[in-house]
Amino acid sequence: MNLEKTQERNVDEIIPEQGGIPNIVKVISFMIAMVLVFTGIANLLPQVEGEAPKDIKVDLGALTMDSYIALGETLFKGKGTCTLCHNNMGRAPDIPVMDMEATAVERLNDPDYKGVAKDSETYFRESMVDPSVYIVSGYGKPGEPSTMPAIDKAPISLSEIEMGAIIAYLQAKDGGQPSVELPTDAPAVEPKPAVVAVAPAKAAGSAEDVLAKYACTACHAVLDSPSTIGPELKLLGARSSREEIRQSIINPSAVIAPGYPPIMPGDFAEKMLVKELEMVVDFLAASKDENVIEQEQQLTEEVVTEEAATEQVVTEDAVTDQLHAEPLDTEQKGE
Ligand code: HEC
Ligand code: HEC
């Protein structure tokens with residue numbers, strides 16, 4: 001009852017008995033009108049989906065072209081950071097609303113086009129890994145570097161598979177048929193180095209331990225492992241220099257061994273201790289034929305027992321030094 005009275009009184013106060021609209025009503029009407037106008041404008045603007053970046057795991061075995069395209073879209077909006085620049089703010093071509101297949105044809109027919117791409121697939125790849133080859137008119141000066149970063153390099157560092165997914169997305173988003181191939185020849189499930197999860201902080205004591213700790217044996221024929229997912233590493237020293245081996249481990253995507261999928265994990269550089277990397281590089285560089293391996297393993301054991309394993313680093317250095325001093329050690333591998 002009290003409530004009703006209060007409401008009545010309020011209404012009486014606001015609306016006077018005779019003529020004229022009080023200011024307070026005008027103000028409120030104006031505010032409501034403005035809110036409606038702005039809501040209307042906001043609804044006309046394209047809606048941006050606020051998708052939180054998800055951590056993407058690719059199950060290559062179960063991959064279909066549709067899921068590959070979907071992965072590409074997720075990467076385009078998330079990890080790839082593409083929409084940071086490629087949006088309607090004018091900083092870069094507004095790829096989400098452009099017909100990219102038609103755009104690619106247009107670019108390739110541009111007399112100013114200096115790249116080597118032949119079709120949309122190669123044009124998109126080139127745009128991502130070598131953005132400065134061709135600067136879209138209006139977004140920088142030809143000859144000067146593009147403001148777009150090479151997205152296969154740090155910090156974005158997309159893998160071949162991820163770039164393929166983005167290309168599939170760009171080709172398919174306006175109804176086209178992707179020409180990229182599904183990365184099918186890869187293992188269904190990425191081998192997980194279980195040992196790493198158990199004891200991440202403990203440094204491996206030998207090259208063999210490193211190969212086990214980081215699950216190199218899951219993909220490579222090395223030590224006792226028969227795996228053929230990656231190239232065999234038992235005779236690696238015969239075909240690769242120490243520098244090439246180190247590079248293959250810390251930056252596997254720089255050179256992809258022909259005939260193999262680009263699936264070697266790219267994060268060993270962050271995970272491995274320098275000491276571990278050097279041990280495994282030494283070991284692989286020395287892997288030339290069975291005899292050499294056996295002799296060097298024997299040597300390693302001898303030295304370790306002799307020195308009674310005082311400090312790990314010192315011991316390993318001593319082993320390496322001793323190996324290098326041996327006449328058997330074939331340092332002329334660079335030739
Ligand atoms: C820092 C800003 C920036 C980011 C991040 C960026 N780009 Fe770009 N991108 C540009 C600019 C600027 C251009 C136009 C200049 C040029 O051609 O290099 C461009 C051009 C392109 C083109 C050619 C477009 C056309 O109209 O021909 C493609 C394709 C492309 N980017 C794809 C991507 C993809 C895919 C990603 C994410 C993996 C990405 N970009 C991330 C700035 C960026
Ligand atoms: C998920 C599978 C996988 C794991 C795990 C893996 N690799 Fe690989 N690795 C490959 C594949 C596939 C290639 C060939 C493609 C390439 O060059 O990236 C390769 C290439 C290499 C090469 C170059 C071989 C050559 O013939 O040129 C070296 C060296 C190498 N890996 C060492 C290692 C070491 C050391 C580890 C552990 C720290 C390791 N890999 C872990 C899959 C793997």
# chains A, B, ... in the order shown; residues from 1 in each chain; ligands from 1

$ residues_near_ligand --ligand "ligand 1" --cutoff "7 Å" --atoms "only C-alpha atoms and all ligand atoms" --output "PyMOL selection string"
chain A and resi 76+80-86+91-93+95+103-104+107+124+127-128+131-132+134-136+139-140+146-149+151+166

$ closest_atom_pairs --of "chain A" --to "ligand 2" --cutoff "9 Å" --atoms "only C-alpha atoms and all ligand atoms" --output "CSV"
residue,atom,partner,partner_atom_place_in_ligand_line,distance
A:Ala186,CA,ligand 2,12 (C),8.0
A:Pro187,CA,ligand 2,1 (C),8.0
A:Val189,CA,ligand 2,1 (C),9.0
A:Glu190,CA,ligand 2,1 (C),5.8
A:Pro191,CA,ligand 2,1 (C),5.9
A:Lys192,CA,ligand 2,5 (C),7.8
A:Pro193,CA,ligand 2,5 (C),7.5
A:Val210,CA,ligand 2,38 (C),6.7
A:Leu211,CA,ligand 2,37 (C),5.4
A:Ala212,CA,ligand 2,37 (C),7.9
A:Lys213,CA,ligand 2,38 (C),7.9
A:Tyr214,CA,ligand 2,38 (C),5.0
A:Ala215,CA,ligand 2,5 (C),5.2
A:Cys216,CA,ligand 2,37 (C),3.5
A:Thr217,CA,ligand 2,5 (C),7.0
A:Ala218,CA,ligand 2,5 (C),5.8
A:Cys219,CA,ligand 2,2 (C),4.3
A:His220,CA,ligand 2,7 (N),6.3
A:Thr228,CA,ligand 2,12 (C),8.6
A:Ile229,CA,ligand 2,12 (C),5.6
A:Gly230,CA,ligand 2,11 (C),3.7
A:Pro231,CA,ligand 2,26 (O),5.2
A:Glu232,CA,ligand 2,26 (O),6.9
A:Leu233,CA,ligand 2,24 (C),6.6
A:Leu236,CA,ligand 2,26 (O),6.4
A:Arg239,CA,ligand 2,26 (O),7.6
A:Ser240,CA,ligand 2,27 (O),6.7
A:Glu244,CA,ligand 2,29 (C),7.6
A:Ile245,CA,ligand 2,29 (C),4.6
A:Arg246,CA,ligand 2,29 (C),7.0
A:Gln247,CA,ligand 2,29 (C),7.8
A:Ser248,CA,ligand 2,22 (C),4.9
A:Ile249,CA,ligand 2,32 (C),5.1
A:Ile250,CA,ligand 2,38 (C),8.7
A:Asn251,CA,ligand 2,18 (O),8.4
A:Pro252,CA,ligand 2,18 (O),4.6
A:Ser253,CA,ligand 2,18 (O),5.5
A:Ala254,CA,ligand 2,18 (O),7.8
A:Val255,CA,ligand 2,17 (O),5.7
A:Ile256,CA,ligand 2,17 (O),3.4
A:Ala257,CA,ligand 2,17 (O),3.7
A:Pro258,CA,ligand 2,15 (C),7.0
A:Gly259,CA,ligand 2,15 (C),7.7
A:Tyr260,CA,ligand 2,15 (C),4.8
A:Pro261,CA,ligand 2,12 (C),5.1
A:Pro262,CA,ligand 2,18 (O),4.9
A:Ile263,CA,ligand 2,12 (C),5.2
A:Met264,CA,ligand 2,42 (C),3.8
A:Pro265,CA,ligand 2,1 (C),6.0
A:Gly266,CA,ligand 2,18 (O),8.9
A:Phe268,CA,ligand 2,38 (C),6.4
A:Met272,CA,ligand 2,38 (C),8.0
A:Leu277,CA,ligand 2,38 (C),7.9
A:Val280,CA,ligand 2,35 (C),6.4
A:Val281,CA,ligand 2,35 (C),7.4
A:Leu284,CA,ligand 2,29 (C),7.4
A:Ala285,CA,ligand 2,29 (C),9.0

$ closest_residue --among "A:Lys141, A:Lys173, A:Lys118, A:Lys234" --to "Glu106 in chain A" --atoms "only C-alpha atoms"
A:Lys118

$ closest_residue --among "A:Pro145, A:Pro178, A:Pro183, A:Gly138" --to "Glu121 in chain A" --atoms "only C-alpha atoms"
A:Pro178

$ residues_around --residues "Lys79 in chain A" --least-positions-apart "3" --cutoff "8 Å" --atoms "only C-alpha atoms" --output "compact mmCIF listing (two decimals) with C-alpha atoms, in the first residue's frame"
# COMPACT_ATOMS: atom_id res chain seq x y z
CA PRO A 53 42.49 -18.36 -28.48
CA THR A 74 41.06 -20.66 -35.84
CA LEU A 75 44.73 -19.98 -36.53
CA PHE A 76 43.87 -16.93 -38.66
CA ILE A 156 54.48 -16.19 -34.60

$ select_by_dssp --residues "range 23-187 of chain A" --states "alpha helix (DSSP H)" --output "number ranges by chain"
A: 23-44, 65-77, 82-85, 100-109, 120-129, 160-172

$ atom_distance --atom1 "CA of Ala238 in chain A" --atom2 "CA of Phe283 in chain A"
12.2 Å

$ closest_residue --among "A:Glu208, A:Met279, A:Lys288, A:Ala150" --to "Leu235 in chain A" --atoms "only C-alpha atoms"
A:Lys288
